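J.: This structure is in structure tokens; I'll ask about it shortly.
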Amino acid sequence: MARAIWSGSISFGLLNVPVKLYSAVSKKSVSFRELRESDSSRVRHKRVAEADGEEVDYGDIVKGYEIAPEQYVVITRDELEEIDPKKTRAIEIQDFVDLDEIDPIYFDHPYYLGPDKGAEKAYALLVKAMDDSHKVAVARFVLRNKENLAAIRPMDGVLTMATMRFADEVVSADEIIDTIDAEAPKKKELDMAKALIDSLAGEFDAASYRDEYREELLALIERKAKGESIVSTTSEAPEPTKAPDLMAALEESLAAVKGEEARSKPKPKSKSKPAAKKSSSGGRSRSKAKAAK
């Protein structure tokens, strides 16, 4: 069973529910070591002072905040401890809100909250009450000397908690993206785009999405470990769809999703022409038959 990384209690009103905190994710990244190319010797980093290049012992390092280029305000460890957030063991619920009111951009790291010994009944009551009310608890708590904002909600009979970013930590899109000044989409384009979205709509299944890059990277490492030679390939970035080609791109995308080849629509034929061709064709066949006789 996983080890708890923190223990405390969920607190709101006069109710305190002792809980344990568990990480809800296990990252599967591929890590590399830095090696010298000539002999694959490990490369290690040392802390050195820029002034003279001498190595600095960890105990001699202090923290400094840069207020101007090469000008620092030095803060000691004792001064930092003075303003450390209260090391309470409480997850203090501030509000209950609807989940739809919280933009996903505010969520950070997910955790599970499990009941501590003797708190099973109170824990189950809280899970059931929150599940029936369809509400999410917004709370504050201290983890690793840092105050955190968090959202707590029930899922499959247990409580989950995601740490959240504070409002001033989220960058507004207006600060990054210029005002989009574009021609309004045509109704036909909009209908086609909606049809493409509908054709790709379905139930979310987390297990159906894999980290394909990590899988390919591990396969590459395995092949190289066996002594296989790897042929490098060049990849090209996809070109953006140009405005005049939007309809064509949408039609081809929709056809591909349905498993059909994109092709231009056939021109409509009049009813009289096929009949004329039939009689003409039949006349020529009969003439040839007579000539053969």
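Going by the structure tokens order, chains are called A, B, ..., each with residues numbered from 1, while ligands are numbered from 1 in the order shown.
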Would you mind listing, for every residue of range 125-243 of chain A within 12 Å of range 74-89 of chain A, the two atoms forming the shortest contact and the distance between them in Å to one decimal, using only C-alpha atoms, sorted by chain and ascending residue number, as a tab-separated table?
T.:
```
residue	atom	partner	partner_atom	distance
A:Arg140	CA	A:Thr88	CA	10.5
A:Phe141	CA	A:Arg89	CA	7.6
A:Val142	CA	A:Lys87	CA	6.4
A:Leu143	CA	A:Lys87	CA	8.2
A:Arg144	CA	A:Lys87	CA	8.9
A:Asn145	CA	A:Pro85	CA	6.3
A:Lys146	CA	A:Pro85	CA	6.5
A:Glu147	CA	A:Pro85	CA	6.3
A:Asn148	CA	A:Pro85	CA	10.1
```
J.: Going by DSSP on the backbone, which residues of range 63-222 of chain A come out as alpha helix (DSSP H)? List them as JSON, numbers by chain.
T.: {"A": [77, 78, 79, 80, 81, 82, 120, 121, 122, 123, 124, 125, 126, 127, 128, 129, 130, 131, 132, 133, 187, 188, 189, 190, 191, 192, 193, 194, 195, 196, 197, 198, 199, 200, 212, 213, 214, 215, 216, 217, 218, 219, 220, 221, 222]}
J.: Using N, CA and C atoms, can you export the residues from the last selection as a tab-separated table (two decimals), in the first residue's frame?
T.:
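Below is the file result11.tsv, written as the result:
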```tsv
chain	number	residue	atom	x	y	z
A	77	ARG	N	18.25	32.20	6.90
A	77	ARG	CA	17.32	31.12	7.21
A	77	ARG	C	16.44	31.48	8.42
A	78	ASP	N	17.02	32.15	9.41
A	78	ASP	CA	16.24	32.54	10.59
A	78	ASP	C	15.11	33.50	10.21
A	79	GLU	N	15.42	34.42	9.30
A	79	GLU	CA	14.40	35.39	8.86
A	79	GLU	C	13.28	34.69	8.08
A	80	LEU	N	13.63	33.68	7.30
A	80	LEU	CA	12.62	32.93	6.57
A	80	LEU	C	11.72	32.14	7.51
A	81	GLU	N	12.33	31.58	8.58
A	81	GLU	CA	11.55	30.81	9.53
A	81	GLU	C	10.54	31.69	10.27
A	82	GLU	N	10.88	32.96	10.45
A	82	GLU	CA	9.99	33.88	11.17
A	82	GLU	C	8.68	34.06	10.42
A	120	GLU	N	-13.12	6.60	10.08
A	120	GLU	CA	-13.80	6.04	8.92
A	120	GLU	C	-15.26	6.50	8.80
A	121	LYS	N	-15.99	6.52	9.93
A	121	LYS	CA	-17.40	6.88	9.89
A	121	LYS	C	-17.59	8.35	9.50
A	122	ALA	N	-16.81	9.24	10.14
A	122	ALA	CA	-16.92	10.67	9.83
A	122	ALA	C	-16.48	10.93	8.39
A	123	TYR	N	-15.48	10.20	7.94
A	123	TYR	CA	-14.99	10.34	6.56
A	123	TYR	C	-16.07	9.92	5.57
A	124	ALA	N	-16.70	8.76	5.81
A	124	ALA	CA	-17.75	8.28	4.92
A	124	ALA	C	-18.93	9.24	4.88
A	125	LEU	N	-19.25	9.84	6.04
A	125	LEU	CA	-20.33	10.82	6.10
A	125	LEU	C	-20.01	12.03	5.23
A	126	LEU	N	-18.79	12.52	5.31
A	126	LEU	CA	-18.38	13.68	4.52
A	126	LEU	C	-18.41	13.37	3.03
A	127	VAL	N	-17.92	12.19	2.65
A	127	VAL	CA	-17.94	11.79	1.24
A	127	VAL	C	-19.38	11.76	0.71
A	128	LYS	N	-20.28	11.13	1.48
A	128	LYS	CA	-21.68	11.01	1.05
A	128	LYS	C	-22.36	12.36	0.97
A	129	ALA	N	-22.14	13.22	1.97
A	129	ALA	CA	-22.77	14.54	1.99
A	129	ALA	C	-22.31	15.38	0.81
A	130	MET	N	-21.02	15.35	0.51
A	130	MET	CA	-20.49	16.13	-0.61
A	130	MET	C	-20.96	15.56	-1.95
A	131	ASP	N	-21.05	14.23	-2.01
A	131	ASP	CA	-21.51	13.60	-3.25
A	131	ASP	C	-22.96	13.96	-3.54
A	132	ASP	N	-23.80	13.94	-2.50
A	132	ASP	CA	-25.22	14.26	-2.68
A	132	ASP	C	-25.43	15.73	-3.02
A	133	SER	N	-24.58	16.61	-2.49
A	133	SER	CA	-24.75	18.04	-2.72
A	133	SER	C	-24.12	18.51	-4.02
A	187	LYS	N	-21.33	30.44	-42.27
A	187	LYS	CA	-22.21	29.44	-41.68
A	187	LYS	C	-21.85	28.03	-42.15
A	188	LYS	N	-21.51	27.89	-43.44
A	188	LYS	CA	-21.18	26.57	-43.97
A	188	LYS	C	-19.91	26.03	-43.32
A	189	GLU	N	-18.93	26.92	-43.09
A	189	GLU	CA	-17.68	26.51	-42.44
A	189	GLU	C	-17.96	26.09	-41.00
A	190	LEU	N	-18.80	26.88	-40.31
A	190	LEU	CA	-19.12	26.60	-38.92
A	190	LEU	C	-19.87	25.28	-38.79
A	191	ASP	N	-20.83	25.04	-39.68
A	191	ASP	CA	-21.58	23.79	-39.66
A	191	ASP	C	-20.66	22.59	-39.90
A	192	MET	N	-19.72	22.75	-40.84
A	192	MET	CA	-18.80	21.66	-41.15
A	192	MET	C	-17.87	21.39	-39.96
A	193	ALA	N	-17.40	22.46	-39.30
A	193	ALA	CA	-16.53	22.30	-38.12
A	193	ALA	C	-17.28	21.61	-36.99
A	194	LYS	N	-18.55	21.96	-36.79
A	194	LYS	CA	-19.37	21.31	-35.76
A	194	LYS	C	-19.58	19.84	-36.10
A	195	ALA	N	-19.79	19.54	-37.39
A	195	ALA	CA	-19.98	18.15	-37.81
A	195	ALA	C	-18.72	17.33	-37.54
A	196	LEU	N	-17.55	17.95	-37.75
A	196	LEU	CA	-16.28	17.26	-37.49
A	196	LEU	C	-16.13	16.99	-35.99
A	197	ILE	N	-16.51	17.98	-35.16
A	197	ILE	CA	-16.45	17.79	-33.70
A	197	ILE	C	-17.39	16.67	-33.28
A	198	ASP	N	-18.61	16.67	-33.83
A	198	ASP	CA	-19.58	15.62	-33.48
A	198	ASP	C	-19.09	14.24	-33.88
A	199	SER	N	-18.39	14.17	-35.03
A	199	SER	CA	-17.92	12.87	-35.50
A	199	SER	C	-16.81	12.31	-34.61
A	200	LEU	N	-16.12	13.18	-33.88
A	200	LEU	CA	-15.04	12.75	-32.99
A	200	LEU	C	-15.49	12.65	-31.53
A	212	GLU	N	2.86	8.04	-26.29
A	212	GLU	CA	3.50	7.37	-27.42
A	212	GLU	C	4.97	7.78	-27.57
A	213	TYR	N	5.27	9.04	-27.22
A	213	TYR	CA	6.67	9.48	-27.33
A	213	TYR	C	7.54	8.69	-26.36
A	214	ARG	N	7.06	8.51	-25.11
A	214	ARG	CA	7.85	7.76	-24.12
A	214	ARG	C	8.04	6.32	-24.56
A	215	GLU	N	6.99	5.72	-25.13
A	215	GLU	CA	7.10	4.34	-25.62
A	215	GLU	C	8.13	4.23	-26.74
A	216	GLU	N	8.11	5.19	-27.67
A	216	GLU	CA	9.06	5.17	-28.78
A	216	GLU	C	10.49	5.41	-28.27
A	217	LEU	N	10.62	6.29	-27.27
A	217	LEU	CA	11.94	6.57	-26.71
A	217	LEU	C	12.52	5.34	-26.02
A	218	LEU	N	11.70	4.63	-25.24
A	218	LEU	CA	12.17	3.41	-24.57
A	218	LEU	C	12.52	2.32	-25.59
A	219	ALA	N	11.74	2.24	-26.68
A	219	ALA	CA	12.04	1.26	-27.73
A	219	ALA	C	13.35	1.61	-28.42
A	220	LEU	N	13.59	2.91	-28.62
A	220	LEU	CA	14.84	3.35	-29.22
A	220	LEU	C	16.03	2.99	-28.33
A	221	ILE	N	15.89	3.22	-27.01
A	221	ILE	CA	16.96	2.89	-26.06
A	221	ILE	C	17.23	1.39	-26.08
A	222	GLU	N	16.16	0.59	-26.13
A	222	GLU	CA	16.32	-0.87	-26.15
A	222	GLU	C	17.04	-1.33	-27.41
```
J.: Which residues, written as a ChimeraX atom specification, have at least one atom at most 6 Å from Pro18 in chain A, with only C-alpha atoms counted and residues fewer than 6 positions away on the same chain left out?
T.: /A:8-9,116,119
J.: Generate a file of the selected residues that holds C-alpha atoms, formatted as a compact mmCIF listing (two decimals), in the first residue's frame.
T.:
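That gives us result.txt:
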```
# COMPACT_ATOMS: atom_id res chain seq x y z
CA GLY A 8 -3.88 16.09 9.37
CA SER A 9 -7.60 16.74 9.45
CA ASP A 116 -7.00 8.08 9.45
CA ALA A 119 -12.16 8.41 11.40
```
J.: Write down as a PyMOL selection string the residues belonging to range 130-250 of chain A that are assigned strand (DSSP E) by DSSP computed on the backbone.
T.: chain A and resi 136-143+146-155+158-164
J.: What lies within 7 Å of range 166-171 of chain A using only C-alpha atoms, ignoring chain neighbours under 2 positions off, as a VMD selection string?
T.: chain A and resid 149 164 173
J.: May I have the residues within 8 Å of Leu159 in chain A as a VMD selection string, using only C-alpha atoms and disregarding those fewer than 6 positions away in the same chain?
T.: chain A and resid 112 to 114 127 152 to 153
J.: Quick one: residues within 10 Å of Arg47 in chain A, only C-alpha atoms, excluding same-chain residues fewer than 2 positions away - as a ChimeraX atom specification?
T.: /A:45,49-50,53-58,61
